[in-house]
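Trainee: Input: one structure, supplied below.
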Amino acid sequence: MIPTQFDYVAPGSVDEALAALAQHGDDAKVLAGGQSLLPVLRMRLNAPEVVIDLGKIDALREIRDEGDTITIGAMATYQSILDHTGIKGSLRLLHQAISEVADPQIRHRGTLGGALVHADPAGDCGAPTLALEADLVIQGPSGERTVAATDFFEDLFTTAVGDDELLTAIRFRKHDGWGSHYEKFVRVAHQWPIVSIAAAVKVDGGTISEARIGLVNMGSTALRASATEAALVGAQATAEGVAEACAKAADGTNPPSDLNGDADYRRHLATVLTKRAVLKAAGG
Amino acid sequence: MTATQETSTEPAREIGRDRRRKEDQRLITGRTRWTDNITLPGMLHMAMVRSPFAHATITAIDTTEAAAAPNVVAVYTGKDLDESAGVLINAWPITPDQVTPAHPPLPTDRVSFAGEVVAVVVARSAAEARDAAELVDVDYEELPAALDLKEAAADTVLAHPDLGTNKSALWVFDSQEAGTGGDVEEAIAKARESGVVVEREFRQQRLIPAFMEPRSVVVDPTGEQMTMWSATQIPHIVRFALAATTGVPESKIRVIAPDVGGGFGGKLQVTPEEWMAWWVARQLMKPVKYTETRSESLMAAHHGRDQWQKITLAAEKDGTVTGLKVELLADLGSHVAIVGGGVPVLGAFMFNSIYKFPAYHFACQTVLTNKAWTDAYRGAGRPEATFAIERIMDELALELGREPLELREQNWIRHDEFPFTTVAGLEYDSGNYEEATRKAKESFGYDALRAEQQQRRESGDPVQLGIGISTFTEMCGLAPSRVLGSLDYGAGGWEHASVRMLATGKVEIVTGASAHGQGHETAFSQIVADRLGVPFEDVEVLHGDTQIASKGLDTYGSRSLVVGGEALVKATDKVIEKAKPIAAHLLEADVSDIEFSAGRFSVKGTDQGLAMAEVALATFAAHNLPDGVEPSLDSDATYDPINFNYPHGTHLCAMEVDTETGQVKMRKYTCVDDIGNVINPLIVAGQMHGGLAQGIAQALFEEAVYDDAGTLVSASFVDYLVPTAADLISFDVGHNSTPSLTNTLGTKGVGEAGTIASTPAVVNAVLDAIRQFGVTDITMPCTPERVWRAIQDGTAGAKDPTTGAAAAHFDPATDGAGQSNIADGTEGAGQ
């Protein structure tokens, strides 16, 4: 499989990358880990004139523990995130979801930032990013801005990152004291989730005091199950206690139909899997 | 020459040793001669322009822009071809009146499946050829496409309007007509009155062989013999077919299958891509190469299975089976491929399986459609047959309220009844179904799992347990030539081997069974090492090049060991016989006093002897040979099997079904197979595990899905789900060997056994877990969605075909978003 011919630039800094984006505009594609872009190029579904490779910008690969927050550079690979002890301890939901992305080869190449900007609604990373209420740091010609996760995903393959901007980092507040679970539903291990649920809950004395539920592949973007989140507050952390709230998990969603399941099946799965995820999160 | 006198100790026997495969280092590292690794001076590259439509008239092809693109040497369409391009043959017309569409390498005026090649671009690099292929402008006028098999069989839409029908051939076997059994209609009528009749319809979904190495071909037209390297299973048959259809004398053609990365039947084919490479190279008198992409491979390399099976089983009330009637519809795709309609016919003799049916009727209607053509895929006809019989034996058990294993035992051939001639006319030489089943039940923990199943049902556990059974047999070792002749197959089924004794005592053996990953080099070395008493490392196995292995019928149908191995045994024995008079002469003994054992010729009753290597060196020097003896030990043999052989086994599968989601999970899989004597247990284990994985994949994961327009939806590994080790459990694989009586080594085939046996075991297990919800059948693959809906509906489950688009990750069609949104630059940092 051979892509169409393109020019290749590998800027050494974010400023150089932004300059390259400004110069080439719509004709350019940004290459992060390449785990989605390269198949797209090789299948000739896209034919950019220029590929801007961020792989030489070491600063984008940093993961910084800042006390209350952890900031992950957009070019940090899945594996480097898994290897980070702070993330394993304080962002268990993200850690678990990333540990289930595809296969080891992809986890050593693919990046969290790349996945989020690619914005495949079936990707594993969008839902935990929403559930953990991350902030996304975007740089453009006019400087840096921060977008909340809830405002980041706009549509299928579409985010708040403008044509002339780059996602540079993802900032997570540490979630010590929260229970979490990522419940992934697949037919074979290496496929994208048919549906996944990223659940984070706070439990006080057997009662859920706060809940965040992210949904994978239940619409054109990663989503939050807000009705369920609201209904869980005050619920007993038991199968009976959460049942009613979790039955709302698919409310307002518009999931796709494909070879793995029709929309109504996905809506059913969302309710069952949300209940399982919440109970596991509450129990752990 | 001095006779050596040391007494050699008996070398360790090679047969039965779990030798690591000698070919694996080069195959696994890829540092070897894959076809795509071949580069020749001045070599040109081809790219294919393929039809996006299932059925359309080609109204115009404009190649001007492509021809003018950088470094493009030529562009060809169907109209450019002459007779020397040849045709793609069907080697097995299953009836004299079979309707067979003409099959030139490129069509001239009409395409008949999405993926068919309509033009070929030749350029100095593969990238330039690909770029220019995008510039070929083809005008199509779309025609209605024959897609659904049942509709196609009713001739509602014609796949080839000029033929006037989609019905290609109706092949019938009837036991009463053949004199091998009674009248099945009578048996069914009687059972309707006083017994029980079970009628079911099963769907064999379309599968894609999905070999690891995509197909590749290189042709060098220079030199006295033109050479084709091809990633094929069948270099000898390709050579014959090129000679038969292109006008080039067979003696001018050399075909080489270098290392070939898997086939599973998918490379048992003659392809438009090979034929075009051959023709283009001759046109330009330059070497050319073509290697397909994975997308092209999934779309245009042949598919497998794709049948509707209507099964009627008659039995007495006590469970004794009295008749079996099989009515098949088999989807050929757009053309009758090389084996084509012969694949279901290979299953015709296997539906009766291990059971003593007194009456049997089989009828198969092959049907043309506008989809990729179908042909052999691991098991070829026999998995389909095994699925149907093992599913319906469970249905009979259910109907009668009987334990399914006991019901099978009541009807199967007892071990003291071998040899047994079946209602389909085959003579099963050996087997022991009772013992294989006993061992399997014990290892599986059958009774404990049944108890757990009962307990889960009673407690209403959301996760239910089911147990599936498949007591299968198959026919393999294709094939006695006389049988093939009686079935109108275009070739024989013999195999050839030669053994060359080199001066240094090393041995080269040549086999016509060209391997594509099976481990022939290791297993054949073990056989010869034992027989000649030479070290395993001293044996080299040569194959896959018609200049070296001039005679052969290649690898498929679990034939290499049982047919090719027997040819090798015979050739090796001839070497020993040729060496004896020379050894006797050197030892100054009478030839009748010479004994050969453990690599040594010795004089009976003395300690005088010569090693094989010494005799080989003496023969090479030829200084002191008996009068009239030729100075060569080299020998060859061509072996035509007298019968198929019949591996069998008992496969038991436990599946857990999550009734809330429909998710299925394999809990335990035990099989005890009888494959006769084992040459290399490690290779056998690999064949069993891989074979099981492919059969399980049919039950649970894989399906080639076309949409209403005839576009292959499962056109990448995103949507065509091939399981990996992560999706399977560790199988419990055992053996119970009764040696085959039809070959010297006592071996039976193993390459297809796991695939043939496992599919019904898994589906029976899934069904067994959820029958209490009223579920009577689930169409394969048993996806979580299908299982969940079956439980919800409490009926026959989803008999509907799989529908839906490809997942959106790479599909530009989905919501118009995949491509356009990526293209407009919003992907940002990419992934």
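Just so we're on the same page: first chain in the structure tokens is A, next is B, and so on; residues restart at 1 for each chain, and ligands are numbered from 1 in the order they show up.
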Select all residues from chain A having any atom no more than 7 Å from an atom of chain B (counting only C-alpha atoms, ignoring ligands), output as a count of residues only.
Mentor: 42
Trainee: DSSP on the backbone: which residues in segment 87-281 of chain A end up as helix (DSSP H, G or I)? Give the answer as number ranges by chain.
Mentor: A: 87-90, 92-99, 104-109, 112-118, 126-131, 149-152, 226-232, 239-246, 263-281
Trainee: Just the residues within 9 Å of Glu614 of chain B, please, counting only C-alpha atoms, with nothing from its chain fewer than 6 positions along; format it as a list in words.
Mentor: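 Selected residues are Met1, Ala503, Thr504, Gly505 and Ala583 of chain B.
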Trainee: Write the selection just made, keeping N, CA and C atoms, as a JSON list (two decimals), in the first residue's frame?
Mentor:
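Below is the file out_37.json, written as the result:
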[["chain", "number", "residue", "atom", "x", "y", "z"],
["B", 1, "MET", "N", 38.68, -49.44, -0.69],
["B", 1, "MET", "CA", 37.83, -49.10, 0.45],
["B", 1, "MET", "C", 37.95, -50.16, 1.54],
["B", 503, "ALA", "N", 27.86, -37.30, -2.77],
["B", 503, "ALA", "CA", 29.13, -37.99, -2.56],
["B", 503, "ALA", "C", 29.59, -37.92, -1.11],
["B", 504, "THR", "N", 29.22, -36.83, -0.44],
["B", 504, "THR", "CA", 29.68, -36.63, 0.93],
["B", 504, "THR", "C", 28.77, -37.30, 1.95],
["B", 505, "GLY", "N", 27.80, -38.03, 1.49],
["B", 505, "GLY", "CA", 26.92, -38.72, 2.41],
["B", 505, "GLY", "C", 25.70, -37.90, 2.79],
["B", 583, "ALA", "N", 27.26, -52.42, -1.87],
["B", 583, "ALA", "CA", 27.80, -52.74, -0.55],
["B", 583, "ALA", "C", 28.29, -54.18, -0.52]]
Trainee: Can you list, as an MDAnalysis selection string, every protein, DNA or RNA residue that comes within 12 Å of Asp65 of chain A when you count only C-alpha atoms, leaving out same-chain residues fewer than 3 positions away?
Mentor: chainID A and resid 62 68:73 81 84:87 89:91 171:174
Trainee: Go ahead and write the residues just picked, C-alpha atoms, as a PDB file, in the first residue's frame.
Mentor:
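Final file, part12.pdb:
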ATOM      1  CA  GLU A  62       6.992  15.179  28.756  1.00  0.00           C
ATOM      2  CA  ASP A  68      -2.564  18.428  42.279  1.00  0.00           C
ATOM      3  CA  THR A  69      -2.364  17.840  38.564  1.00  0.00           C
ATOM      4  CA  ILE A  70      -0.500  15.740  36.056  1.00  0.00           C
ATOM      5  CA  THR A  71       0.139  17.225  32.639  1.00  0.00           C
ATOM      6  CA  ILE A  72       0.743  14.804  29.794  1.00  0.00           C
ATOM      7  CA  GLY A  73       2.483  16.107  26.681  1.00  0.00           C
ATOM      8  CA  ILE A  81       1.823   6.954  30.196  1.00  0.00           C
ATOM      9  CA  HIS A  84       4.357   6.632  34.790  1.00  0.00           C
ATOM     10  CA  THR A  85       3.804   5.742  38.443  1.00  0.00           C
ATOM     11  CA  GLY A  86       1.903   8.927  39.262  1.00  0.00           C
ATOM     12  CA  ILE A  87      -0.673   8.173  36.582  1.00  0.00           C
ATOM     13  CA  GLY A  89      -1.720   5.859  41.252  1.00  0.00           C
ATOM     14  CA  SER A  90      -3.822   8.979  40.749  1.00  0.00           C
ATOM     15  CA  LEU A  91      -5.403   8.542  37.313  1.00  0.00           C
ATOM     16  CA  ARG A 171      -3.895  18.329  32.103  1.00  0.00           C
ATOM     17  CA  PHE A 172      -5.620  16.020  34.579  1.00  0.00           C
ATOM     18  CA  ARG A 173      -6.542  16.771  38.164  1.00  0.00           C
ATOM     19  CA  LYS A 174      -5.452  13.873  40.323  1.00  0.00           C
TER      20      LYS A 174
END
Trainee: Any idea what's packed within 9 Å of Val423 of chain B, counting only C-alpha atoms, ignoring anything in its chain fewer than 2 positions away? Could you give it as a list in words?
Mentor: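 Listed by chain and then number, they are Ser175, Gly179, Thr180, Gly181, Gly182, Phe349, Asn352, Lys356, Phe357, Pro358, Ala359, Tyr360, Thr421, Gly425 and Leu426 of chain B.
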Trainee: Create the file for the chosen residues now, containing C-alpha atoms and written as a PDB file, in the first residue's frame.
Mentor:
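Wrote selection28.pdb, looks like this:
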ATOM      1  CA  SER B 175     -27.231 -44.208  -2.314  1.00  0.00           C
ATOM      2  CA  GLY B 179     -25.972 -49.277  -4.824  1.00  0.00           C
ATOM      3  CA  THR B 180     -24.426 -48.186  -1.532  1.00  0.00           C
ATOM      4  CA  GLY B 181     -27.658 -47.890   0.411  1.00  0.00           C
ATOM      5  CA  GLY B 182     -31.398 -47.582   0.350  1.00  0.00           C
ATOM      6  CA  PHE B 349     -19.145 -38.026   0.908  1.00  0.00           C
ATOM      7  CA  ASN B 352     -23.053 -39.176   6.733  1.00  0.00           C
ATOM      8  CA  LYS B 356     -24.423 -45.803   9.938  1.00  0.00           C
ATOM      9  CA  PHE B 357     -27.093 -44.240   7.770  1.00  0.00           C
ATOM     10  CA  PRO B 358     -28.748 -46.905   5.628  1.00  0.00           C
ATOM     11  CA  ALA B 359     -29.963 -44.355   3.056  1.00  0.00           C
ATOM     12  CA  TYR B 360     -28.397 -41.122   1.808  1.00  0.00           C
ATOM     13  CA  THR B 421     -17.963 -49.144   3.710  1.00  0.00           C
ATOM     14  CA  GLY B 425     -19.358 -45.559  -0.860  1.00  0.00           C
ATOM     15  CA  LEU B 426     -16.095 -44.848   0.967  1.00  0.00           C
TER      16      LEU B 426
END
Trainee: Can you tell me how far atom CA of Pro105 of chain B sits from atom CA of Ala300 of chain B, in Å to one decimal?
Mentor: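 If I compute the distance from atom CA of Pro105 of chain B to atom CA of Ala300 of chain B, I get 12.8 Å.
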Trainee: Tell me, in Å to one decimal, how far atom CA of Ala479 of chain B is from atom CA of Gly492 of chain B.
Mentor: 7.4 Å
Trainee: Could you check the closest approach to Pro193 of chain A for each of A:Asp251, A:Asp264, A:Glu100, A:Glu133 and tell me which residue wins, using only C-alpha atoms?
Mentor: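 Among A:Asp251, A:Asp264, A:Glu100, A:Glu133, it is A:Glu100 that comes nearest to Pro193 of chain A.
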Trainee: List as JSON, numbers by chain the protein and nucleic acid residues near Gly485 of chain B, meaning an atom at most 12 Å away when only C-alpha atoms are counted, but skip any in the same chain fewer than 4 places from it.
Mentor: {"B": [91, 92, 93, 94, 479, 480, 481, 489, 490, 491, 492, 493]}
Trainee: Just want the 12 Å neighbourhood of Pro161 of chain B, counted on only C-alpha atoms, with same-chain residues fewer than 4 positions away dropped. Output as a short mmCIF file (atom, residue, chain, number, x, y, z; two decimals) with C-alpha atoms, in the first residue's frame.
Mentor:
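Written output follows (part-v2.cif):
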data_model
loop_
_atom_site.label_atom_id
_atom_site.label_comp_id
_atom_site.auth_asym_id
_atom_site.auth_seq_id
_atom_site.Cartn_x
_atom_site.Cartn_y
_atom_site.Cartn_z
CA HIS B 55 -21.97 -5.72 -12.01
CA ALA B 56 -21.58 -3.11 -14.72
CA THR B 57 -21.03 -2.62 -18.39
CA PRO B 101 -18.69 -18.33 -17.84
CA ARG B 110 -18.55 -6.14 -18.43
CA VAL B 111 -17.39 -6.55 -14.85
CA SER B 112 -19.00 -9.21 -12.70
CA LEU B 143 -26.29 -3.37 -13.96
CA PRO B 144 -28.44 -5.08 -11.36
CA ALA B 145 -26.29 -7.49 -9.38
CA ALA B 146 -27.06 -11.04 -8.28
CA ASP B 155 -32.62 -16.44 -11.42
CA THR B 156 -34.32 -13.18 -10.43
CA VAL B 157 -31.23 -11.18 -11.41
CA THR B 165 -29.27 -18.57 -15.80
CA ASN B 166 -27.25 -18.41 -12.60
CA LYS B 167 -27.53 -22.15 -12.09
CA SER B 334 -18.77 -14.57 -10.42
CA LEU B 368 -23.20 -17.88 -10.00
CA THR B 369 -23.42 -14.48 -8.28
CA ASN B 370 -21.72 -11.10 -8.60
#
Trainee: Which distance in Å separates atom CA of Gln236 of chain A and atom CA of Ala200 of chain A, to one decimal?
Mentor: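 That distance, rounded to one decimal, is 15.1 Å.
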Trainee: Write down as a PyMOL selection string the residues of segment 53-251 of chain A whose backbone DSSP state falls under strand (DSSP E or B).
Mentor: chain A and resi 53+63-65+69-73+77+111+135-140+143-148+153-155+158-159+166-173+179-185+195-204+207-216+223-224+236
Trainee: Which one of B:Leu106, B:Ala704, B:Val762, B:Ala697 sits closest to Asp306 of chain B if you count only C-alpha atoms?
Mentor: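 Among the listed residues, the smallest separation from Asp306 of chain B belongs to B:Ala704.
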